[in-house]
Amino acid sequence: MTSSYFNEWLDEYNDYITLYEIFGDKEYLEEAREVLISLKAIVVRAENYQKILHKIMNGTINAS
């Protein structure tokens with residue numbers, strides 16, 4: 001996953017936070033929370049992928 005992908009998610013989060021700060025509408029805050037939840041899920045998946053890949057490369061797990 002590229003860093004620009006994460007930057008887009010963080011930009012979206014920052015946009016929602018800014019809108020919340022300007023307008024005080026809790027919908028914007030909820031959207032920001034949802035972006036963070038999604039981003040955290042993607043990070044966990046990427047970490048798990050790396051762990052599995054590491055095991056395959058080290059021969060501690062069979063890829064077939």
# chains A, B, ... in the order shown; residues from 1 in each chain; ligands from 1

call {"tool": "select_by_dssp", "arguments": {"residues": "chain A", "states": "helix (DSSP H, G or I)", "output": "ChimeraX atom specification"}}
result
/A:3-23,26-57

call {"tool": "write_last_selection", "arguments": {"atoms": "C-alpha atoms", "output": "mmCIF file, in the first residue's frame"}}
result
data_model
loop_
_atom_site.group_PDB
_atom_site.id
_atom_site.type_symbol
_atom_site.label_atom_id
_atom_site.label_comp_id
_atom_site.auth_asym_id
_atom_site.auth_seq_id
_atom_site.Cartn_x
_atom_site.Cartn_y
_atom_site.Cartn_z
ATOM 1 C CA SER A 3 1.838 6.260 1.426
ATOM 2 C CA SER A 4 -0.254 8.443 -0.893
ATOM 3 C CA TYR A 5 -3.193 6.121 -0.187
ATOM 4 C CA PHE A 6 -2.817 6.740 3.548
ATOM 5 C CA ASN A 7 -2.361 10.442 2.910
ATOM 6 C CA GLU A 8 -5.714 10.547 1.118
ATOM 7 C CA TRP A 9 -7.417 8.911 4.102
ATOM 8 C CA LEU A 10 -5.712 11.308 6.511
ATOM 9 C CA ASP A 11 -6.677 14.276 4.325
ATOM 10 C CA GLU A 12 -10.284 13.132 4.403
ATOM 11 C CA TYR A 13 -10.112 12.773 8.185
ATOM 12 C CA ASN A 14 -8.620 16.264 8.541
ATOM 13 C CA ASP A 15 -11.288 17.708 6.249
ATOM 14 C CA TYR A 16 -14.078 16.261 8.400
ATOM 15 C CA ILE A 17 -12.429 17.511 11.584
ATOM 16 C CA THR A 18 -12.079 20.988 10.089
ATOM 17 C CA LEU A 19 -15.736 20.994 9.023
ATOM 18 C CA TYR A 20 -16.740 19.876 12.514
ATOM 19 C CA GLU A 21 -14.677 22.666 14.082
ATOM 20 C CA ILE A 22 -16.185 25.263 11.749
ATOM 21 C CA PHE A 23 -19.835 24.186 11.836
ATOM 22 C CA LYS A 26 -21.596 16.115 14.923
ATOM 23 C CA GLU A 27 -22.162 14.336 11.613
ATOM 24 C CA TYR A 28 -18.748 15.571 10.508
ATOM 25 C CA LEU A 29 -17.188 14.211 13.688
ATOM 26 C CA GLU A 30 -18.867 10.844 13.110
ATOM 27 C CA GLU A 31 -17.566 10.752 9.539
ATOM 28 C CA ALA A 32 -14.061 11.500 10.828
ATOM 29 C CA ARG A 33 -14.354 8.619 13.301
ATOM 30 C CA GLU A 34 -15.478 6.283 10.531
ATOM 31 C CA VAL A 35 -12.477 7.263 8.420
ATOM 32 C CA LEU A 36 -10.169 6.420 11.338
ATOM 33 C CA ILE A 37 -11.892 3.086 11.915
ATOM 34 C CA SER A 38 -11.483 2.220 8.235
ATOM 35 C CA LEU A 39 -7.864 3.315 8.225
ATOM 36 C CA LYS A 40 -7.093 1.260 11.327
ATOM 37 C CA ALA A 41 -8.704 -1.805 9.732
ATOM 38 C CA ILE A 42 -6.569 -1.389 6.619
ATOM 39 C CA VAL A 43 -3.430 -1.047 8.741
ATOM 40 C CA VAL A 44 -4.266 -4.231 10.661
ATOM 41 C CA ARG A 45 -4.846 -6.112 7.402
ATOM 42 C CA ALA A 46 -1.546 -4.852 6.006
ATOM 43 C CA GLU A 47 0.286 -5.893 9.179
ATOM 44 C CA ASN A 48 -1.295 -9.360 9.084
ATOM 45 C CA TYR A 49 -0.357 -9.706 5.429
ATOM 46 C CA GLN A 50 3.246 -8.829 6.236
ATOM 47 C CA LYS A 51 3.329 -11.393 9.062
ATOM 48 C CA ILE A 52 2.028 -14.137 6.770
ATOM 49 C CA LEU A 53 4.397 -13.146 4.000
ATOM 50 C CA HIS A 54 7.311 -13.212 6.453
ATOM 51 C CA LYS A 55 6.353 -16.740 7.571
ATOM 52 C CA ILE A 56 6.110 -17.933 3.984
ATOM 53 C CA MET A 57 9.480 -16.419 3.079
#

call {"tool": "decode", "arguments": {"residues": "segment 6-36 of chain A", "atoms": "N, CA and C atoms", "output": "PDB file, in the first residue's frame"}}
result
ATOM      1  N   PHE A   6      -2.587   6.348   2.155  1.00  0.00           N
ATOM      2  CA  PHE A   6      -2.817   6.740   3.548  1.00  0.00           C
ATOM      3  C   PHE A   6      -2.994   8.243   3.668  1.00  0.00           C
ATOM      4  N   ASN A   7      -2.233   8.987   2.876  1.00  0.00           N
ATOM      5  CA  ASN A   7      -2.361  10.442   2.910  1.00  0.00           C
ATOM      6  C   ASN A   7      -3.761  10.890   2.503  1.00  0.00           C
ATOM      7  N   GLU A   8      -4.348  10.214   1.526  1.00  0.00           N
ATOM      8  CA  GLU A   8      -5.714  10.547   1.118  1.00  0.00           C
ATOM      9  C   GLU A   8      -6.700  10.322   2.261  1.00  0.00           C
ATOM     10  N   TRP A   9      -6.547   9.205   2.963  1.00  0.00           N
ATOM     11  CA  TRP A   9      -7.417   8.911   4.102  1.00  0.00           C
ATOM     12  C   TRP A   9      -7.234   9.958   5.198  1.00  0.00           C
ATOM     13  N   LEU A  10      -5.974  10.311   5.472  1.00  0.00           N
ATOM     14  CA  LEU A  10      -5.712  11.308   6.511  1.00  0.00           C
ATOM     15  C   LEU A  10      -6.220  12.685   6.094  1.00  0.00           C
ATOM     16  N   ASP A  11      -6.118  13.015   4.822  1.00  0.00           N
ATOM     17  CA  ASP A  11      -6.677  14.276   4.325  1.00  0.00           C
ATOM     18  C   ASP A  11      -8.184  14.311   4.525  1.00  0.00           C
ATOM     19  N   GLU A  12      -8.831  13.202   4.214  1.00  0.00           N
ATOM     20  CA  GLU A  12     -10.284  13.132   4.403  1.00  0.00           C
ATOM     21  C   GLU A  12     -10.639  13.304   5.879  1.00  0.00           C
ATOM     22  N   TYR A  13      -9.890  12.634   6.745  1.00  0.00           N
ATOM     23  CA  TYR A  13     -10.112  12.773   8.185  1.00  0.00           C
ATOM     24  C   TYR A  13      -9.963  14.233   8.612  1.00  0.00           C
ATOM     25  N   ASN A  14      -8.867  14.860   8.179  1.00  0.00           N
ATOM     26  CA  ASN A  14      -8.620  16.264   8.541  1.00  0.00           C
ATOM     27  C   ASN A  14      -9.708  17.188   8.009  1.00  0.00           C
ATOM     28  N   ASP A  15     -10.198  16.906   6.813  1.00  0.00           N
ATOM     29  CA  ASP A  15     -11.288  17.708   6.249  1.00  0.00           C
ATOM     30  C   ASP A  15     -12.532  17.631   7.130  1.00  0.00           C
ATOM     31  N   TYR A  16     -12.888  16.421   7.546  1.00  0.00           N
ATOM     32  CA  TYR A  16     -14.078  16.261   8.400  1.00  0.00           C
ATOM     33  C   TYR A  16     -13.890  16.944   9.750  1.00  0.00           C
ATOM     34  N   ILE A  17     -12.689  16.842  10.305  1.00  0.00           N
ATOM     35  CA  ILE A  17     -12.429  17.511  11.584  1.00  0.00           C
ATOM     36  C   ILE A  17     -12.537  19.029  11.429  1.00  0.00           C
ATOM     37  N   THR A  18     -11.999  19.545  10.347  1.00  0.00           N
ATOM     38  CA  THR A  18     -12.079  20.988  10.089  1.00  0.00           C
ATOM     39  C   THR A  18     -13.531  21.430   9.935  1.00  0.00           C
ATOM     40  N   LEU A  19     -14.317  20.665   9.184  1.00  0.00           N
ATOM     41  CA  LEU A  19     -15.736  20.994   9.023  1.00  0.00           C
ATOM     42  C   LEU A  19     -16.471  20.945  10.362  1.00  0.00           C
ATOM     43  N   TYR A  20     -16.130  19.967  11.186  1.00  0.00           N
ATOM     44  CA  TYR A  20     -16.740  19.876  12.514  1.00  0.00           C
ATOM     45  C   TYR A  20     -16.383  21.104  13.350  1.00  0.00           C
ATOM     46  N   GLU A  21     -15.112  21.502  13.310  1.00  0.00           N
ATOM     47  CA  GLU A  21     -14.677  22.666  14.082  1.00  0.00           C
ATOM     48  C   GLU A  21     -15.342  23.954  13.600  1.00  0.00           C
ATOM     49  N   ILE A  22     -15.569  24.057  12.303  1.00  0.00           N
ATOM     50  CA  ILE A  22     -16.185  25.263  11.749  1.00  0.00           C
ATOM     51  C   ILE A  22     -17.676  25.304  12.048  1.00  0.00           C
ATOM     52  N   PHE A  23     -18.376  24.187  11.762  1.00  0.00           N
ATOM     53  CA  PHE A  23     -19.835  24.186  11.836  1.00  0.00           C
ATOM     54  C   PHE A  23     -20.398  23.539  13.094  1.00  0.00           C
ATOM     55  N   GLY A  24     -19.594  22.738  13.777  1.00  0.00           N
ATOM     56  CA  GLY A  24     -20.058  22.104  15.003  1.00  0.00           C
ATOM     57  C   GLY A  24     -21.055  20.982  14.780  1.00  0.00           C
ATOM     58  N   ASP A  25     -21.223  20.542  13.544  1.00  0.00           N
ATOM     59  CA  ASP A  25     -22.166  19.472  13.225  1.00  0.00           C
ATOM     60  C   ASP A  25     -21.529  18.120  13.560  1.00  0.00           C
ATOM     61  N   LYS A  26     -22.153  17.386  14.463  1.00  0.00           N
ATOM     62  CA  LYS A  26     -21.596  16.115  14.923  1.00  0.00           C
ATOM     63  C   LYS A  26     -21.528  15.060  13.829  1.00  0.00           C
ATOM     64  N   GLU A  27     -22.251  15.258  12.749  1.00  0.00           N
ATOM     65  CA  GLU A  27     -22.162  14.336  11.613  1.00  0.00           C
ATOM     66  C   GLU A  27     -20.743  14.322  11.036  1.00  0.00           C
ATOM     67  N   TYR A  28     -20.123  15.495  11.002  1.00  0.00           N
ATOM     68  CA  TYR A  28     -18.748  15.571  10.508  1.00  0.00           C
ATOM     69  C   TYR A  28     -17.791  14.817  11.429  1.00  0.00           C
ATOM     70  N   LEU A  29     -18.022  14.922  12.726  1.00  0.00           N
ATOM     71  CA  LEU A  29     -17.188  14.211  13.688  1.00  0.00           C
ATOM     72  C   LEU A  29     -17.377  12.700  13.540  1.00  0.00           C
ATOM     73  N   GLU A  30     -18.596  12.271  13.316  1.00  0.00           N
ATOM     74  CA  GLU A  30     -18.867  10.844  13.110  1.00  0.00           C
ATOM     75  C   GLU A  30     -18.186  10.343  11.829  1.00  0.00           C
ATOM     76  N   GLU A  31     -18.243  11.128  10.787  1.00  0.00           N
ATOM     77  CA  GLU A  31     -17.566  10.752   9.539  1.00  0.00           C
ATOM     78  C   GLU A  31     -16.056  10.635   9.761  1.00  0.00           C
ATOM     79  N   ALA A  32     -15.497  11.553  10.531  1.00  0.00           N
ATOM     80  CA  ALA A  32     -14.061  11.500  10.828  1.00  0.00           C
ATOM     81  C   ALA A  32     -13.732  10.219  11.598  1.00  0.00           C
ATOM     82  N   ARG A  33     -14.571   9.859  12.544  1.00  0.00           N
ATOM     83  CA  ARG A  33     -14.354   8.619  13.301  1.00  0.00           C
ATOM     84  C   ARG A  33     -14.420   7.399  12.386  1.00  0.00           C
ATOM     85  N   GLU A  34     -15.356   7.402  11.462  1.00  0.00           N
ATOM     86  CA  GLU A  34     -15.478   6.283  10.531  1.00  0.00           C
ATOM     87  C   GLU A  34     -14.253   6.161   9.630  1.00  0.00           C
ATOM     88  N   VAL A  35     -13.699   7.296   9.222  1.00  0.00           N
ATOM     89  CA  VAL A  35     -12.477   7.263   8.420  1.00  0.00           C
ATOM     90  C   VAL A  35     -11.351   6.623   9.230  1.00  0.00           C
ATOM     91  N   LEU A  36     -11.214   7.003  10.494  1.00  0.00           N
ATOM     92  CA  LEU A  36     -10.169   6.420  11.338  1.00  0.00           C
ATOM     93  C   LEU A  36     -10.368   4.923  11.542  1.00  0.00           C
TER      94      LEU A  36
END
